[in-house]
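Shown next: structure03.cif, containing mmCIF, C-alpha atoms.
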data_start
loop_
_atom_site.group_PDB
_atom_site.id
_atom_site.type_symbol
_atom_site.label_atom_id
_atom_site.label_comp_id
_atom_site.auth_asym_id
_atom_site.auth_seq_id
_atom_site.Cartn_x
_atom_site.Cartn_y
_atom_site.Cartn_z
ATOM 1 C CA MET S 1 -9.015 -9.715 31.651
ATOM 2 C CA GLU S 2 -10.461 -8.990 28.227
ATOM 3 C CA PRO S 3 -8.569 -10.333 25.177
ATOM 4 C CA LEU S 4 -6.667 -7.781 23.116
ATOM 5 C CA GLN S 5 -8.803 -6.078 20.495
ATOM 6 C CA LEU S 6 -7.781 -3.298 18.153
ATOM 7 C CA THR S 7 -9.529 -0.042 18.979
ATOM 8 C CA GLY S 8 -9.640 3.401 17.435
ATOM 9 C CA LEU S 9 -10.652 2.242 13.963
ATOM 10 C CA GLU S 10 -14.447 2.396 14.178
ATOM 11 C CA GLY S 11 -15.903 5.315 12.215
ATOM 12 C CA LYS S 12 -12.517 6.596 11.042
ATOM 13 C CA VAL S 13 -11.914 7.486 7.397
ATOM 14 C CA ALA S 14 -9.111 5.564 5.699
ATOM 15 C CA VAL S 15 -7.783 6.354 2.216
ATOM 16 C CA VAL S 16 -6.191 3.306 0.576
ATOM 17 C CA THR S 17 -4.413 3.798 -2.749
ATOM 18 C CA GLY S 18 -3.833 1.088 -5.332
ATOM 19 C CA ALA S 19 -6.749 -1.020 -4.107
ATOM 20 C CA GLY S 20 -8.283 -2.228 -7.361
ATOM 21 C CA ARG S 21 -6.574 -5.514 -8.210
ATOM 22 C CA MET S 22 -8.289 -8.769 -7.296
ATOM 23 C CA ARG S 23 -5.129 -10.567 -6.121
ATOM 24 C CA SER S 24 -3.172 -7.848 -4.392
ATOM 25 C CA ILE S 25 -2.143 -6.196 -1.161
ATOM 26 C CA GLY S 26 -4.362 -3.132 -1.593
ATOM 27 C CA ARG S 27 -7.661 -4.980 -1.840
ATOM 28 C CA PRO S 28 -7.315 -6.889 1.485
ATOM 29 C CA ILE S 29 -6.123 -3.719 3.211
ATOM 30 C CA ALA S 30 -9.285 -1.914 2.101
ATOM 31 C CA VAL S 31 -11.555 -4.867 2.924
ATOM 32 C CA GLU S 32 -10.073 -5.631 6.348
ATOM 33 C CA MET S 33 -10.069 -1.990 7.422
ATOM 34 C CA ALA S 34 -13.728 -1.789 6.440
ATOM 35 C CA ARG S 35 -14.450 -4.944 8.467
ATOM 36 C CA ALA S 36 -12.848 -3.191 11.438
ATOM 37 C CA GLY S 37 -15.310 -0.315 11.071
ATOM 38 C CA CYS S 38 -13.390 2.173 8.953
ATOM 39 C CA ILE S 39 -15.021 4.160 6.187
ATOM 40 C CA VAL S 40 -12.767 3.348 3.239
ATOM 41 C CA VAL S 41 -11.936 5.584 0.289
ATOM 42 C CA LEU S 42 -10.190 3.379 -2.259
ATOM 43 C CA THR S 43 -8.347 4.465 -5.353
ATOM 44 C CA GLY S 44 -7.160 2.909 -8.561
ATOM 45 C CA THR S 45 -5.940 4.246 -11.873
ATOM 46 C CA GLY S 46 -8.980 3.191 -13.874
ATOM 47 C CA ARG S 47 -7.174 0.396 -15.736
ATOM 48 C CA PRO S 48 -8.829 -0.503 -19.056
ATOM 49 C CA PRO S 49 -10.327 -4.039 -18.939
ATOM 50 C CA GLU S 50 -8.015 -5.261 -21.690
ATOM 51 C CA GLN S 51 -5.134 -4.864 -19.223
ATOM 52 C CA TYR S 52 -6.751 -7.130 -16.614
ATOM 53 C CA PRO S 53 -5.153 -10.545 -16.007
ATOM 54 C CA ASP S 54 -7.158 -13.540 -17.184
ATOM 55 C CA ASP S 55 -8.651 -14.393 -13.798
ATOM 56 C CA GLU S 56 -10.030 -10.860 -13.415
ATOM 57 C CA LYS S 57 -11.526 -11.003 -16.901
ATOM 58 C CA GLN S 58 -13.157 -14.350 -16.169
ATOM 59 C CA ALA S 59 -14.562 -13.046 -12.884
ATOM 60 C CA GLY S 60 -16.043 -9.956 -14.531
ATOM 61 C CA TRP S 61 -13.812 -7.836 -12.311
ATOM 62 C CA ARG S 62 -14.329 -4.055 -12.348
ATOM 63 C CA ASP S 63 -11.304 -2.782 -10.418
ATOM 64 C CA ILE S 64 -12.116 -0.527 -7.442
ATOM 65 C CA ASP S 65 -15.852 -0.808 -8.090
ATOM 66 C CA SER S 66 -15.676 -4.549 -7.413
ATOM 67 C CA VAL S 67 -13.775 -3.957 -4.159
ATOM 68 C CA ALA S 68 -16.315 -1.328 -3.099
ATOM 69 C CA GLU S 69 -19.143 -3.800 -3.789
ATOM 70 C CA GLU S 70 -17.355 -6.463 -1.730
ATOM 71 C CA ILE S 71 -17.164 -4.051 1.208
ATOM 72 C CA ARG S 72 -20.769 -2.934 0.887
ATOM 73 C CA ALA S 73 -21.922 -6.563 0.778
ATOM 74 C CA PHE S 74 -20.975 -7.062 4.439
ATOM 75 C CA GLY S 75 -22.355 -3.676 5.481
ATOM 76 C CA GLY S 76 -19.183 -1.633 5.199
ATOM 77 C CA THR S 77 -18.828 1.815 3.674
ATOM 78 C CA ALA S 78 -16.658 2.305 0.595
ATOM 79 C CA PHE S 79 -16.129 5.208 -1.776
ATOM 80 C CA PRO S 80 -14.188 4.337 -4.971
ATOM 81 C CA VAL S 81 -12.307 7.176 -6.686
ATOM 82 C CA VAL S 82 -10.199 6.907 -9.842
ATOM 83 C CA SER S 83 -7.014 8.842 -9.129
ATOM 84 C CA ASP S 84 -3.357 9.075 -10.156
ATOM 85 C CA VAL S 85 -1.205 9.357 -7.023
ATOM 86 C CA ALA S 86 1.674 10.813 -9.019
ATOM 87 C CA ASP S 87 -0.403 13.768 -10.248
ATOM 88 C CA GLU S 88 -0.628 16.685 -7.822
ATOM 89 C CA GLY S 89 -3.986 17.875 -9.122
ATOM 90 C CA ALA S 90 -5.464 14.378 -8.866
ATOM 91 C CA VAL S 91 -4.248 13.992 -5.275
ATOM 92 C CA ARG S 92 -5.690 17.366 -4.284
ATOM 93 C CA GLY S 93 -8.926 16.343 -5.979
ATOM 94 C CA LEU S 94 -8.947 13.068 -4.026
ATOM 95 C CA LEU S 95 -8.616 14.964 -0.761
ATOM 96 C CA ALA S 96 -11.380 17.372 -1.757
ATOM 97 C CA LYS S 97 -13.740 14.523 -2.712
ATOM 98 C CA THR S 98 -13.011 12.690 0.530
ATOM 99 C CA LEU S 99 -13.703 15.783 2.649
ATOM 100 C CA ALA S 100 -16.842 16.613 0.671
ATOM 101 C CA GLU S 101 -18.158 13.071 1.231
ATOM 102 C CA TYR S 102 -17.099 12.412 4.828
ATOM 103 C CA GLY S 103 -15.726 15.652 6.271
ATOM 104 C CA ARG S 104 -12.532 14.151 7.638
ATOM 105 C CA VAL S 105 -9.526 11.918 6.984
ATOM 106 C CA ASP S 106 -7.771 9.837 9.632
ATOM 107 C CA PHE S 107 -5.586 7.229 7.940
ATOM 108 C CA ILE S 108 -3.657 7.236 4.661
ATOM 109 C CA VAL S 109 -2.314 3.952 3.298
ATOM 110 C CA ASN S 110 0.087 4.563 0.432
ATOM 111 C CA ASN S 111 -0.035 1.240 -1.377
ATOM 112 C CA ALA S 112 -0.160 2.254 -5.070
ATOM 113 C CA GLY S 113 2.810 1.009 -7.044
ATOM 114 C CA ALA S 114 4.012 0.793 -10.619
ATOM 115 C CA ALA S 115 3.437 -2.523 -12.364
ATOM 116 C CA ARG S 116 6.429 -4.836 -12.591
ATOM 117 C CA GLY S 117 7.823 -4.613 -16.103
ATOM 118 C CA ARG S 118 10.748 -3.380 -18.162
ATOM 119 C CA ASP S 119 12.556 -2.013 -15.114
ATOM 120 C CA ARG S 120 13.713 -5.479 -13.958
ATOM 121 C CA VAL S 121 17.054 -5.304 -15.793
ATOM 122 C CA PRO S 122 20.607 -4.142 -15.005
ATOM 123 C CA VAL S 123 21.078 -0.383 -14.624
ATOM 124 C CA VAL S 124 23.079 -0.140 -17.852
ATOM 125 C CA ASP S 125 20.177 -1.701 -19.760
ATOM 126 C CA MET S 126 17.430 0.245 -17.993
ATOM 127 C CA PRO S 127 15.055 2.130 -20.311
ATOM 128 C CA ILE S 128 14.965 5.668 -18.946
ATOM 129 C CA ASP S 129 11.188 5.872 -19.223
ATOM 130 C CA ALA S 130 10.872 2.644 -17.202
ATOM 131 C CA TRP S 131 13.015 4.161 -14.433
ATOM 132 C CA ASP S 132 10.937 7.343 -14.511
ATOM 133 C CA THR S 133 7.637 5.440 -14.284
ATOM 134 C CA VAL S 134 8.671 3.449 -11.219
ATOM 135 C CA ILE S 135 10.063 6.473 -9.380
ATOM 136 C CA ARG S 136 7.075 8.611 -10.389
ATOM 137 C CA VAL S 137 4.430 6.223 -9.099
ATOM 138 C CA ASN S 138 6.190 4.623 -6.130
ATOM 139 C CA LEU S 139 8.166 7.510 -4.652
ATOM 140 C CA ARG S 140 6.617 10.696 -6.043
ATOM 141 C CA GLY S 141 3.137 9.241 -5.472
ATOM 142 C CA THR S 142 3.892 8.433 -1.843
ATOM 143 C CA PHE S 143 5.404 11.894 -1.387
ATOM 144 C CA LEU S 144 2.406 13.712 -2.868
ATOM 145 C CA MET S 145 -0.121 11.716 -0.854
ATOM 146 C CA SER S 146 1.896 12.223 2.326
ATOM 147 C CA LYS S 147 2.424 15.933 1.698
ATOM 148 C CA ILE S 148 -1.101 16.883 0.688
ATOM 149 C CA PHE S 149 -3.001 14.660 3.105
ATOM 150 C CA GLY S 150 -0.415 15.380 5.792
ATOM 151 C CA GLN S 151 -1.072 19.120 5.454
ATOM 152 C CA HIS S 152 -4.751 18.444 6.051
ATOM 153 C CA LEU S 153 -4.077 16.240 9.081
ATOM 154 C CA ILE S 154 -2.017 19.019 10.649
ATOM 155 C CA GLU S 155 -4.734 21.591 9.972
ATOM 156 C CA ALA S 156 -7.480 19.283 11.271
ATOM 157 C CA GLY S 157 -5.615 18.845 14.524
ATOM 158 C CA HIS S 158 -6.902 15.376 15.458
ATOM 159 C CA GLY S 159 -3.770 13.372 14.671
ATOM 160 C CA GLY S 160 -3.726 10.435 12.302
ATOM 161 C CA SER S 161 -1.656 7.656 10.820
ATOM 162 C CA ILE S 162 0.162 7.359 7.492
ATOM 163 C CA VAL S 163 1.264 3.856 6.497
ATOM 164 C CA ASN S 164 3.531 3.490 3.469
ATOM 165 C CA ILE S 165 3.775 0.113 1.770
ATOM 166 C CA SER S 166 7.458 -0.302 0.975
ATOM 167 C CA SER S 167 9.371 -3.560 0.400
ATOM 168 C CA ILE S 168 12.305 -5.505 1.746
ATOM 169 C CA ALA S 169 13.824 -4.764 -1.680
ATOM 170 C CA GLY S 170 14.540 -1.304 -0.276
ATOM 171 C CA LYS S 171 16.829 -2.972 2.275
ATOM 172 C CA LEU S 172 18.197 -6.015 0.426
ATOM 173 C CA LEU S 173 18.839 -3.963 -2.751
ATOM 174 C CA PRO S 174 18.988 -6.984 -5.085
ATOM 175 C CA PRO S 175 20.403 -6.825 -8.619
ATOM 176 C CA ASN S 176 18.134 -6.120 -11.585
ATOM 177 C CA THR S 177 15.700 -4.192 -9.375
ATOM 178 C CA SER S 178 17.468 -0.833 -9.167
ATOM 179 C CA ALA S 179 14.453 1.374 -9.925
ATOM 180 C CA TYR S 180 12.135 -0.567 -7.621
ATOM 181 C CA ALA S 181 14.693 -0.878 -4.823
ATOM 182 C CA ALA S 182 15.627 2.804 -5.068
ATOM 183 C CA SER S 183 11.978 3.838 -4.919
ATOM 184 C CA LYS S 184 11.360 1.671 -1.845
ATOM 185 C CA ALA S 185 14.530 2.808 -0.072
ATOM 186 C CA GLY S 186 13.345 6.347 -0.783
ATOM 187 C CA ILE S 187 9.972 5.567 0.792
ATOM 188 C CA GLN S 188 11.734 4.354 3.917
ATOM 189 C CA ALA S 189 13.770 7.579 4.090
ATOM 190 C CA LEU S 190 10.636 9.657 3.533
ATOM 191 C CA THR S 191 8.899 7.727 6.308
ATOM 192 C CA ALA S 192 11.679 8.313 8.835
ATOM 193 C CA SER S 193 12.078 12.009 8.066
ATOM 194 C CA MET S 194 8.379 12.834 7.986
ATOM 195 C CA ALA S 195 7.693 10.978 11.235
ATOM 196 C CA GLN S 196 10.079 13.337 13.034
ATOM 197 C CA GLU S 197 8.443 16.378 11.448
ATOM 198 C CA VAL S 198 4.798 15.624 12.192
ATOM 199 C CA GLY S 199 4.969 13.697 15.447
ATOM 200 C CA GLN S 200 4.310 16.908 17.381
ATOM 201 C CA HIS S 201 0.896 16.963 15.677
ATOM 202 C CA ARG S 202 0.093 13.418 16.880
ATOM 203 C CA ILE S 203 0.533 12.089 13.354
ATOM 204 C CA ARG S 204 2.341 8.764 13.044
ATOM 205 C CA VAL S 205 4.215 7.731 9.895
ATOM 206 C CA ASN S 206 5.392 4.154 9.398
ATOM 207 C CA ALA S 207 6.293 1.831 6.544
ATOM 208 C CA ILE S 208 5.634 -1.858 6.131
ATOM 209 C CA CYS S 209 8.226 -3.716 4.076
ATOM 210 C CA PRO S 210 6.606 -6.874 2.708
ATOM 211 C CA GLY S 211 8.618 -9.738 1.357
ATOM 212 C CA LEU S 212 7.230 -12.022 -1.321
ATOM 213 C CA VAL S 213 3.433 -11.890 -1.172
ATOM 214 C CA ASP S 214 1.289 -14.196 -3.299
ATOM 215 C CA THR S 215 -0.303 -11.670 -5.651
ATOM 216 C CA VAL S 216 -0.602 -11.070 -9.369
ATOM 217 C CA ARG S 217 2.777 -9.300 -9.275
ATOM 218 C CA ILE S 218 4.679 -12.577 -9.030
ATOM 219 C CA ASP S 219 2.662 -14.543 -11.572
ATOM 220 C CA ASP S 220 5.706 -14.493 -13.857
ATOM 221 C CA ILE S 221 7.467 -17.036 -11.618
ATOM 222 C CA ARG S 222 4.412 -19.043 -10.531
ATOM 223 C CA GLY S 223 4.868 -22.747 -11.288
ATOM 224 C CA THR S 224 8.543 -22.333 -12.206
ATOM 225 C CA PRO S 225 11.754 -23.347 -10.421
ATOM 226 C CA ALA S 226 12.207 -19.673 -9.548
ATOM 227 C CA TRP S 227 9.120 -19.901 -7.301
ATOM 228 C CA ASP S 228 10.615 -22.811 -5.353
ATOM 229 C CA GLN S 229 13.984 -21.060 -5.123
ATOM 230 C CA ALA S 230 12.340 -17.885 -3.826
ATOM 231 C CA THR S 231 10.306 -19.803 -1.255
ATOM 232 C CA ALA S 232 13.415 -21.618 -0.053
ATOM 233 C CA ARG S 233 14.967 -18.258 0.895
ATOM 234 C CA ILE S 234 12.071 -17.520 3.273
ATOM 235 C CA ALA S 235 12.517 -18.866 6.821
ATOM 236 C CA LEU S 236 8.844 -19.899 7.020
ATOM 237 C CA ARG S 237 9.034 -21.495 3.553
ATOM 238 C CA ARG S 238 5.933 -19.828 2.149
ATOM 239 C CA MET S 239 4.803 -16.665 0.429
ATOM 240 C CA GLY S 240 2.831 -14.141 2.432
ATOM 241 C CA ALA S 241 -0.840 -13.305 2.001
ATOM 242 C CA GLY S 242 -2.270 -9.860 1.409
ATOM 243 C CA GLU S 243 -4.396 -10.189 4.544
ATOM 244 C CA GLU S 244 -1.219 -10.509 6.638
ATOM 245 C CA ILE S 245 -0.072 -7.119 5.383
ATOM 246 C CA ALA S 246 -3.561 -5.732 6.032
ATOM 247 C CA HIS S 247 -3.481 -6.829 9.661
ATOM 248 C CA ALA S 248 -0.200 -4.981 10.222
ATOM 249 C CA VAL S 249 -1.649 -1.839 8.625
ATOM 250 C CA MET S 250 -4.642 -2.023 10.939
ATOM 251 C CA PHE S 251 -2.390 -2.345 13.992
ATOM 252 C CA LEU S 252 -0.342 0.707 12.976
ATOM 253 C CA CYS S 253 -3.543 2.740 12.616
ATOM 254 C CA SER S 254 -5.087 1.492 15.869
ATOM 255 C CA ASP S 255 -4.829 2.805 19.404
ATOM 256 C CA GLN S 256 -2.629 -0.183 20.168
ATOM 257 C CA GLY S 257 -0.075 1.022 17.609
ATOM 258 C CA ALA S 258 -0.007 4.543 19.011
ATOM 259 C CA TRP S 259 3.691 4.510 19.986
ATOM 260 C CA PHE S 260 4.960 3.303 16.628
ATOM 261 C CA THR S 261 6.303 5.991 14.327
ATOM 262 C CA GLY S 262 9.237 6.404 11.963
ATOM 263 C CA GLN S 263 9.620 2.637 11.550
ATOM 264 C CA SER S 264 10.100 0.522 8.428
ATOM 265 C CA ILE S 265 8.916 -2.881 9.586
ATOM 266 C CA ASN S 266 9.843 -6.066 7.712
ATOM 267 C CA LEU S 267 6.895 -8.410 7.211
ATOM 268 C CA ASP S 268 8.432 -11.171 5.161
ATOM 269 C CA GLY S 269 8.337 -14.586 6.839
ATOM 270 C CA GLY S 270 11.971 -14.231 7.843
ATOM 271 C CA HIS S 271 13.378 -13.422 4.416
ATOM 272 C CA ALA S 272 15.458 -10.422 5.544
ATOM 273 C CA VAL S 273 16.724 -10.851 9.094
ATOM 274 C CA GLN S 274 19.958 -8.869 9.091
ATOM 275 C CA HIS S 275 20.154 -5.744 11.235
#

Have the structure of the file written as structure tokens, please.
Amino acid sequence: MEPLQLTGLEGKVAVVTGAGRMRSIGRPIAVEMARAGCIVVLTGTGRPPEQYPDDEKQAGWRDIDSVAEEIRAFGGTAFPVVSDVADEGAVRGLLAKTLAEYGRVDFIVNNAGAARGRDRVPVVDMPIDAWDTVIRVNLRGTFLMSKIFGQHLIEAGHGGSIVNISSIAGKLLPPNTSAYAASKAGIQALTASMAQEVGQHRIRVNAICPGLVDTVRIDDIRGTPAWDQATARIALRRMGAGEEIAHAVMFLCSDQGAWFTGQSINLDGGHAVQH
């Protein structure tokens, strides 16, 4: 008997949003899907270099262009596009560019998210513009990508897979994260509803809910007691890696994941185990 191998990825076109940061979830998703044979369209917002963290500056990082070069270096195909997922015109333009370049779309990975910032405060202290930014990027962006690319998948008639990157925060609903948790809980609701609407077209819609993943987003607690306290709450006693999220995305897009839809799957080392 042959060992299990993921199939159905070779030659397919995958759009991965929010893929430009060096230490992230989006970059390994794009890279690993390309290694599996996907043609990868990767987006970022076109961050100005002065906003890069120090390690990106020292590495001469160039956002999605650097990720595209990494993919091309091992013989993969990558097409970087600067795009704002929360802008309808930009999303329609992303679809048009993808179809003009490759003629099809098969997988959409909605990973783009608002940067952690002034929203991590109690509701009564929440700046309204900080709330709006998080909801706009995380929830509206996922909606627009799912709506516009989903319309195309229906019209194309060859099925497909949409994977939304949510968070266990959308289930645990911790204090001082109301905007983030609300946006992620909304993504999970969007996932469940849409899966029931488009399943008849052989389109699968799932969400992955990562726990604490060792990326630039948690640099604010790196090397502090808060890091140790956070790790102690994880059953496996370690942070996750972006590649571990990427592998789950690949499974959900593969033939082997063909009966998964409408699910919001915790991938968190045992951080959230209640049912």

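The set of residues that the PyMOL selection byres ((chain S and resi 262) around 6) takes from this file is Thr191, Ala192, Ala195, Val205, Asn206, Thr261 and Gln263 of chain S.
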
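If you look at atom CA of S:His152 and atom CA of S:Arg72, they are 27.2 Å away from each other.
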
Selection result for the PyMOL selection byres ((chain S and resi 172) around 10) on this file, as a VMD selection string:
chain S and resid 167 to 171 173 to 175 181 185 271 to 272 274

Determine the residue membership of the PyMOL selection byres ((chain S and resi 140-150) around 9) for the file above and supply it as a PDB file with C-alpha atoms, in the coordinates of the input.
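File out_19.pdb, as written:
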ATOM      1  CA  ASP S  84      -3.357   9.075 -10.156  1.00  0.00           C
ATOM      2  CA  VAL S  85      -1.205   9.357  -7.023  1.00  0.00           C
ATOM      3  CA  ALA S  86       1.674  10.813  -9.019  1.00  0.00           C
ATOM      4  CA  ASP S  87      -0.403  13.768 -10.248  1.00  0.00           C
ATOM      5  CA  GLU S  88      -0.628  16.685  -7.822  1.00  0.00           C
ATOM      6  CA  VAL S  91      -4.248  13.992  -5.275  1.00  0.00           C
ATOM      7  CA  ARG S  92      -5.690  17.366  -4.284  1.00  0.00           C
ATOM      8  CA  LEU S  95      -8.616  14.964  -0.761  1.00  0.00           C
ATOM      9  CA  VAL S 105      -9.526  11.918   6.984  1.00  0.00           C
ATOM     10  CA  ILE S 108      -3.657   7.236   4.661  1.00  0.00           C
ATOM     11  CA  ASN S 110       0.087   4.563   0.432  1.00  0.00           C
ATOM     12  CA  ASN S 111      -0.035   1.240  -1.377  1.00  0.00           C
ATOM     13  CA  ALA S 112      -0.160   2.254  -5.070  1.00  0.00           C
ATOM     14  CA  GLY S 113       2.810   1.009  -7.044  1.00  0.00           C
ATOM     15  CA  ILE S 135      10.063   6.473  -9.380  1.00  0.00           C
ATOM     16  CA  ARG S 136       7.075   8.611 -10.389  1.00  0.00           C
ATOM     17  CA  VAL S 137       4.430   6.223  -9.099  1.00  0.00           C
ATOM     18  CA  ASN S 138       6.190   4.623  -6.130  1.00  0.00           C
ATOM     19  CA  LEU S 139       8.166   7.510  -4.652  1.00  0.00           C
ATOM     20  CA  GLN S 151      -1.072  19.120   5.454  1.00  0.00           C
ATOM     21  CA  HIS S 152      -4.751  18.444   6.051  1.00  0.00           C
ATOM     22  CA  LEU S 153      -4.077  16.240   9.081  1.00  0.00           C
ATOM     23  CA  ILE S 154      -2.017  19.019  10.649  1.00  0.00           C
ATOM     24  CA  GLU S 155      -4.734  21.591   9.972  1.00  0.00           C
ATOM     25  CA  GLY S 160      -3.726  10.435  12.302  1.00  0.00           C
ATOM     26  CA  ILE S 162       0.162   7.359   7.492  1.00  0.00           C
ATOM     27  CA  ASN S 164       3.531   3.490   3.469  1.00  0.00           C
ATOM     28  CA  SER S 183      11.978   3.838  -4.919  1.00  0.00           C
ATOM     29  CA  ILE S 187       9.972   5.567   0.792  1.00  0.00           C
ATOM     30  CA  LEU S 190      10.636   9.657   3.533  1.00  0.00           C
ATOM     31  CA  MET S 194       8.379  12.834   7.986  1.00  0.00           C
ATOM     32  CA  VAL S 198       4.798  15.624  12.192  1.00  0.00           C
ATOM     33  CA  ILE S 203       0.533  12.089  13.354  1.00  0.00           C
TER      34      ILE S 203
END

In Å and to one decimal, atom CA of S:Ala230 is distant from atom CA of S:Leu212 by 8.2 Å

All residues 9 Å or closer to S:Ile71, all atoms listed in the file, same chain fewer than 2 positions away omitted, as a VMD selection string:
chain S and resid 30 to 32 34 to 35 40 66 to 69 73 to 78

Can those selected residues be exported to a file as a short mmCIF file (atom, residue, chain, number, x, y, z; two decimals), in the frame of the given file so that it contains C-alpha atoms?
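selection-v3.cif, written as the output of this step:
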data_model
loop_
_atom_site.label_atom_id
_atom_site.label_comp_id
_atom_site.auth_asym_id
_atom_site.auth_seq_id
_atom_site.Cartn_x
_atom_site.Cartn_y
_atom_site.Cartn_z
CA ALA S 30 -9.28 -1.91 2.10
CA VAL S 31 -11.56 -4.87 2.92
CA GLU S 32 -10.07 -5.63 6.35
CA ALA S 34 -13.73 -1.79 6.44
CA ARG S 35 -14.45 -4.94 8.47
CA VAL S 40 -12.77 3.35 3.24
CA SER S 66 -15.68 -4.55 -7.41
CA VAL S 67 -13.78 -3.96 -4.16
CA ALA S 68 -16.32 -1.33 -3.10
CA GLU S 69 -19.14 -3.80 -3.79
CA ALA S 73 -21.92 -6.56 0.78
CA PHE S 74 -20.98 -7.06 4.44
CA GLY S 75 -22.36 -3.68 5.48
CA GLY S 76 -19.18 -1.63 5.20
CA THR S 77 -18.83 1.82 3.67
CA ALA S 78 -16.66 2.31 0.60
#

Residues within 6 Å of stretch 6-23 of chain S, please, as a list in words. Count all atoms listed in the file; anything in the same chain fewer than 3 positions from it doesn't count.
Gly26, Arg27, Gly37, Cys38, Ile39, Val40, Val41, Leu42, Thr43, Gly44, Asp63, Ile64, Val105, Asp106, Phe107, Ile108, Val109, Asn110, Asn111, Ala112, Thr215, Val216, Ser254 and Asp255 of chain S

Grab the atom CA of S:Ala207 to atom CA of S:Gln188 distance for me, in Å with one decimal place.
6.5 Å

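With distances taken over all atoms listed in the file, S:Asp214 is the one residue among S:Asp214, S:Glu50, S:Asp228, S:Glu197 lying closest to S:Glu243.
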
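Between S:Ile29 and the residues S:Ile165, S:Ala246, S:Met239, S:Cys253, the shortest atom-to-atom distance, using all atoms listed in the file, involves S:Ala246.
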
Using all atoms listed in the file, can you tell me which of S:Ala36, S:Ala241, S:Ala226, S:Val134 comes closest to S:Lys184?
S:Val134

I'd like the contact shell of S:Leu252 - 9 Å cut-off, only C-alpha atoms, skipping same-chain residues fewer than 4 positions apart - returned as a ChimeraX atom specification.
/S:161-163,204-206,247-248,256-261
